[in-house]
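Presented below is the structure to which this report refers.
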Amino acid sequence: MLTFALRRILISIPTLLVISLAIFLLLELAPGDPMSQVPLTVPDEVKQRMREALGMGEPIPVRYGKWLLQFFWVEPLNLIDHWFGTTFAAGEQRILSWQTRSPVMEIVAQRMPQTLWVVGMSYVVGVLIALPIGIYSAYRQYSVFDQAGTFVSMIGYSVPPFFSGVLVIVIFSIQLQWFPSVYDTTHVVDSWDSFVVQLRQMIMPVMVLALQTTAQISRFMRASMLDNLGQDYVRTARAKGMSEAVVVLRHVLRNSMIPVVTVIALGVPGIFGGAIITEQVFKVNGIGQLLITAIQGADLPMVQTLTFIFAVLIVGFNLLADILYGLLDPRIRYD
Amino acid sequence: MTDRPDHTDDVPVAGNEATPVPFNPVGAAQSQRLIEAPRSQLRDVWDQFKTHKGALFGAGFFVFILLAVLLGPLLWPLEPTFIDIRARNSGPSLTHPFGTDQLGRDILARMIAGGRTSLAVGLTAMALALFLGTLIGVLSGYFRRLDGILMRLTDLFLALPLLPLLLVMMLLFRDSLRAAIGPETGIFLLVVLGIGVTSWMPTARIVRGDVLALKEREFVLAARSIGTPARRMITRHILPNVLSPVMVSATLGIANAIITESALSFLGLGFPSDYPTWGSLLRDGTDYLQSYPERVIFPGAAISLTVLAVNYMGDGLRDALDPRIRGR
Amino acid sequence: MLDAGTGREPLVRVRDLKMHFPIHSGLLRRRTGAVKAVDGVTFDISQGETLGLVGESGCGKSTCGRAILRLYDITGGSVTIAGRDVAHAGPNELRRMRPTMQMVFQDPQASLNPRMTVARIIAEPLDEHTRLSRAEKTARVHDLMDRVGLNRAFANRYPHEFSGGQRQRIGIARALALNPRFIVCDEPIAALDVSIQAQVVNLLEELQDSLGLTYLFISHDLSMVRHIADRVAVMYLGKIAELSPRDDLYADPLHPYTRALLSAVPEPDPEAAAASSRTILTGDVPSPANPPKGCNFCTRCPSVMDICRRIDPDFREVAPGRHVACHLYDTTQDGRPTAAPIPTRQGETP
Amino acid sequence: MPQNAPVLDVRDLTTIFHTRTGEVHAVNGVSFDLRRGELLGVVGESGSGKSVTMMSLIGLLPTPPAEIRHGTVTFEGRDLLRMDDAGLRRIRGDRIGFVFQDPMTSLNPVFPVGHQIAEPLRKHMRLNRRQARDRAVELLELVGIPDAARRLGDYPHQFSGGMRQRVMIAIALACDPDVLIADEPTTALDVTIQAQILELVKDLREKLGMAIVWITHDLGVIAGIADRVMVMYGGQIVEHAAVREMFARPRHPYTRALLKTVPSVRGRREPRLTVIEGQPPILTAAPDACPFRDRCAYRFDACDRRNPPRFDVGPGHDAACFWDFDADAPRGRVAAHA
Amino acid sequence: MKLKTVLIGATALAAIAPMAHAQETGERGRNGQLNIFYWQAPSTLNPYLSGGTKEVEAASLVLEPLVRFSETGELVPWLVDEIPTVENGGVSDDLTSITWTLSEGVTWSDGTPLTAEDAVFTWQYCTDPEGGCAQASYFDGVENVEAVDDRTIKVTFSGPKPFPYTAFVGSESPIIQKAQFQDCLGAKAPECTEANFNPIGTGPYVVDEFRPNDVISYSANENFREEGKPAFASVNFKGGGDAAAAARAVLETGEYDYAWNLQLAPEILTNMEAAGLGTVVAAYGTSVERIEVNQTDPDPSLGDARSTTEHPHPFLTDPRVVQALSKAIDRQLLVDIGYGAAGQPTCNILPAPEIYASTANDDCLTYDPEGAKALLEEAGWTDTDGDGIRDKDGRKLSVLYQTSTNAVRQDVQAIIKQEWEDIGVETELRNIDGSVFFGGDPSSPDTFQKFYADLEMYTNNFSGVDPESYMASWKCSEIPGPDSQWQGQNIPRFCSEEYDALVDKLSQTVELEQRGEIVKQLNDMLVQGGALIPLIHRGNPAAHAKTLGGVKMSDWDSELWNIKDWYRIQ
């Protein structure tokens, strides 16, 4: 298992390098100018000087090299400095965002909490709702519950969040005035009341996002349960006189969870990637919103870094999913 | 995801061996008959598909929507871009069954035009994604040597963000495409390419898995023992047998492409905003949600119902194409 | 020579055939070992003869059959069929040889493409190797269907509409399409019901008689092999333990494994069953990735000796037509008599 | 042969399946009994209804699609078919043990075998963790798994096929059942391993004395271990006799043909195999004629008119055939009802 | 002056909320929290590093210039007591220097006094060639800034400057603290994240926390020079979302007090306003939505020479065609559909301030398709082949009309397209993502500077109140082209010697009336010469809660210029 993991990590290094180059070149080719949001009243020559100050004039290979160095060397050093109070990275040039002129990583770190709160929570909620639905739908296949579950998950697939999001805002914020329509990212939870406030502002985005997660995971769960319910060992368990609860919730579930857990693990990078549209609709300024504003503002270092972090997460969680598979399924032995 | 109803394949015909399939044994009737016409598998698929009510509804609705957007302009000849400023913001009426928008454009006509775009995007992007996914899946599953590199390529694409990619493509090809085939077709191609190029990966993975499994099946070995070369092996034995996962991906792909196109429209990255698609109608409508809810509800319902219908179709197709079920 | 003294030139000549599947492991996926599925198999099959190849699951008998037909790229040894080298032929050459040698597979469900009609399945070899017109092909397909006892009215049906026995007939028809001389039957009856097995075996025998076919009949069913084969090879863990004419082998098995195997077959006769005393082997077959040192049967052999754990016995002819790989029949060992008498009965050839 | 009171008594069991194409009559009016300590062999081809019969009587068939249309199954004085699920669960695994065909798939791949053996012990015998463990070791030793204590924590895939089937037997025997139903327990195994398992079962039977129903399609296996044999065809019992009687004097054309189709490794080698032409039937309705008639060499008009009942043809020997092999003529009207 | 503005504000408010009890005066911080919603969030608080309006406005709570512009465009002394003029001797007679005197007792929020050295530093900071200062144009022509004494700043120009109120005037040119920024000169400027995100200012608020592109928390400046101000103890400045969401948060849910830049369809705003929680207000500056008319040929077949002065446009150089196009536009309809209270029809490129606004072109305010047709006939464009499109010499009257992607602009485009097609002009529409269209990427074909279209529509204005440099942008020398890397302000590629001469004359003229006359002439030359089709004089729409008092929107300065005077109506 260890060799397997090491080997996969070794393979992922060249993969990530290729990905980083692809992302870098792609974005370099992309249109857009960080100066486009500067008012027209600012003369062109001033804009040109501002561009030069951002380092846009340098050739692409040089910038790619610099960026790689910054991403893989300077930023980790900064992280170490941050954790241990050392000063390894003092004086090193960090990756600076063009829009804010501040280190990209700091902004990412700042955005992470709200993204994790909302998108992460919705994922957790979605999964927690999805599993029982999937299990029961499979167990009572073609029952009314199953049909309803199928319908709800289809709705989850079919209704885009910019539709459902605005709809719940109109219903719950404007008509009923139950929840705020604007998410307050500065809100600090330090008491029961503030926790309630936090809950209230999270409910709608979490609801909208969880619907999609629930839809997907419950379908997976159902399919996986169905596959396993037909297996011979289920009959064995019944033949041993085990109760249905034990048969379904211990024997079948344990087996069905193996593929589902890996699917869940593969969905995790999505949390860190944020949910662009939902964040926009509910004004949860998380990573997704950061990415879209960076794209709109042609903030290349930000977009490059964010997409690359995302790529690293995807590759990493792919690996994790494989390892989890091996851990959960005793039949799988890597090496 | 494979769902299957257990009421047929779980029939424990005693012994649990591979169950021999009932077939009228050497009966008296067979000798006189001439060669039977081929019993189309499509028919079997359809017979099974029919039993799935959701799928039947889905297929019916999808056909209805397709006919509506294709034949709609004949029945409802109003121009979707015609501005009748005096009639703006009117509710549903006989002259404008779905009402008009803030410029007095007929919403029904815009829905029909928008649907044509959205469905065209959905179908073509799906076709492209399927083509790429199947090609890459088959190649990497069938040829061991290509496997590593193609799967890394898949990883790479999974890690690429759609939005910047679309922007790049807009820049690089828009002008030449616009000059060659006109602005709307150009963007259409770009959106389709963008969605297609960024959504083939799941199909590729599924197909690869299936091909790997198929390669171990004895009929492939049988073909090898006959001396069938790789090209025909793929076209004759591999492709027809990965058809069912591909068909299922197809339905999911249409739904996915419709949603993606509307999300792009929502973010203002899709078609020009005077060019109606369901997504852009929905986006424009959300601002008017309170005063004119129908402007959100029509396109929203159109997107959702179409995707729903297609998803149900996929569900039914999955069942219908599963030989474990259809076999009997 | 090995071909049981018929004097005829063997149609199939297999020499020291090895089929090793590499095991890769470690950080750099180095090759760290091999599953020795087939490890040095030698035999001949004469024209018109049926060689039975028996053994338990995992002993490498199917791999052996496939390797002979070059469905795998073999690791070592040589295979000659009808005087042509199969093992080292280039792709085009191999393709030209294909019509001579065909295969019937174990699982009639899995060996037929579910998306092709029976006619197309049977016609596939014709498509690949002949330039017949459509009508000629159809005629040939119908002819083949008649030959294997399939109603030609069903030419346009799909495999799933047939029963197991009928599907196996389709597989046989496909194998016959190009008038092969040699057919490897890879467990053709294992997946069939008892009452159907006999139908298929009879069909194979009839075809052999009428078309002069040569079979390599791979099976784990010793009783069926006894019925159909002229000579029988018993495989254990990638190697042939014993190769003898059928009647000799069943009447007087030489190798301890053959004896155990035969004694394990249950007798459909309660009287005999009650009377017989069986040799029950202990333990399981070792992994072919990690075979025991010396004789590979030494871990389970009831007559195991010291030497067996050290030296791998040669596969030798110990009596006319009778080959065995066992130290019990060593005559060259100094100072130690052979533990078993050399059979006196002469091998007879059919 | 033990001639005591039956431990299991099955009367007129009829099981059908609802499929998309209609009903399939898998078991049609099967009646038999099982006596304490005996081994009853059930022989038949795929689709003959032998497994379905056994699964029906203890409620292991999923309903739907299956439906047990009528019949009674008396076990310990109670009708299992009228019992609720909880009651059945108390009997399954405790009083009646099961061994299935494929030990590869019948064990749960993600639990250690020790856990799987302990499960029924803890449920039915109310053992605590420690006791269950000890008993599991005992059971593994009983079925001949070397180094039992250490292997308790191993997963099924770490065992070979034969060992896995031993584990299955250990599970079935865990609570000392009165009845063991073995559904083709050696079909998926190699002959040498099959021989080991058969030895083991003989051995265990002597030690434990439970009644066994042994389902198989292999007449050889039956000949070696069974006391009595039932032959099933088309969802019915076509012949039933003590094992020696059955092999010596088969009185149903199907049994007779079956005995001839199987070649032997010993004895005479027939130049040609006897063949039963045609395919076994799938019944879409309750049979109103002999289900074997299409493949039968003795067919005559009565076979098409009525489904033959089980005629007594000797002591403890009955056969469902209108042909009287002793007289070599159609059976007279005398023994019309068995 | 200050008193007066306060009074005006009070009466205006009294009209809005007669019943409310105004809390104009009282203790500092008495009104709790003020919630402001800028749906585009500021990315930095250093206005010198980002020229964006949102950054400038967010910074204006903290950083202050010497003088601000009121809602009417008048100069309001802010950190000085009086505005230097030639009359009071603050401006030298030869117009080459201006001397400012800081008010007494102005301190930074950290308690240190504001000195002239800070202003000198600000000038150095922004003019450092490596710093990439966004507001460098404010220091154009500034030769030197010196601190005469602690409170006296002397700005010397390289030549006579008739309108010397640029440096340190208005929200885009505020004074930054030398102590905080002295290590951030030149290339180091972007790395001073701490300073850029938390500038120390003299304004009513100090930054507590700045989250780029997300939210800013301010609290009242304890050292603010005015007693009892600001009324709010803290400000929550939220970003993200879209205009509709921002409007909704103020007008419908009441979660926010003020929302900026609500470019929404008028009826949406009207409907939201009906909820009764807030008011929509607009400030008018010099923004004009206009169609620029390409005087050069954008034909793709010309390759690199497309849209350059080498090839004049085949028909748009004829002012009659442009006039016809202008007449055929129903400007009032455009206002009704797209702008509502935030727009007025205009025929001038310079509609304000009043002394510069010409009335010579006002006949275009009436929608006159017949007149347009007549003009086209006169210019020789007739529909000879009956396909509904006019043509002349085998060439169709067909235009490509581009703009940036924005719902209102696309509605306007659609209406105009239809109106033009009514008079026989074929119109192809095209819209380009704003970041590309307004981005200056010379390699992109889609920038507004490249102008690879016949017509393009966008809004432009000038900052401050003096139009001299704005009008100078249509000089021949300002034409963008490949030689200048497509930089230059003269987007329509309009070139007239007469116009250039008049611009030069303007730069020599001091007297305000005369300047006004010249500017009107310039405006008329542009409009009548067919370089531009002005459409809408745009205001900046914003919404504030009915409980928020003191809001006086100025388009000449930051919208939040007088936030120190804002208060809660209870």
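Residue numbers start at 1 in each chain; chains themselves are named A, B, ... in the order of the structure tokens; ligands are numbered from 1 in the order shown.
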Which residues, written as a PyMOL selection string, have at least one atom at most 10 Å from region 90-97 of chain A, with only C-alpha atoms counted and residues fewer than 5 positions away on the same chain left out?
-> (chain A and resi 54+66-71+73-75+77-78+81+102-107+294+299-303+305) or (chain E and resi 43+190-191+193)
Taking the DSSP assignment computed from this structure's backbone, write out as a PyMOL selection string all residues of region 132-302 of chain C that belong to strand (DSSP E).
-> chain C and resi 182-186+214-219+231-236+239-245
Within 7 Å of region 120-133 of chain C using only C-alpha atoms, minus same-chain residues under 5 positions, as JSON, numbers by chain | {"B": [226, 228], "C": [141, 173, 174, 177, 178]}
Hey, which of A:Thr186, A:Thr115, A:Gln201, A:Ser194 ends up closest to chain E? Count only C-alpha atoms.
-> A:Thr186
Can you check which residues of region 102-208 of chain C DSSP gives as alpha helix (DSSP H) on the backbone and send them as a ChimeraX atom specification?
-> /C:118-129,134-147,164-176,194-208
So which residues touch region 287-298 of chain E within 8 Å, counting only C-alpha atoms, skipping near sequence neighbours fewer than 6 positions away, as number ranges by chain?
-> E: 306-314, 316-317, 322, 349-351, 451-462, 491-494, 530-539
Please return, as a list in words, all residues of chain D lying within 6 Å of chain C when only C-alpha atoms are considered.
->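 The contacting residues on chain D are Asp190, Val191, Thr192, Ala195, Leu219, Gly220, Val221, Ala223, Gly224, Arg244, Pro263, Ser264, Val265, Val275 and Ile276 of chain D.
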Tell me which protein, DNA and RNA residues are within 9 Å of Ile74 (chain C), counting only C-alpha atoms, leaving out same-chain ones fewer than 2 positions away, and put them as JSON, numbers by chain.
-> {"C": [17, 18, 19, 20, 67, 68, 70, 71, 72, 76, 77, 78, 87, 88]}
Counting only C-alpha atoms, which residues of chain E come no farther than 8 Å from chain A, as a VMD selection string?
-> chain E and resid 43 to 44 50 to 53 129 to 137 187 190 to 193 211 to 215 239 to 242 245 249 252 to 253 255 434 to 441 444 460 to 463 487 to 489
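Selected on chain A by distance to chain B: Ile19, Ala30, Pro31, Met154, Ser158, Val159, Phe220, Ala223 and Ala311 of chain A (within 6 Å, counting only C-alpha atoms).
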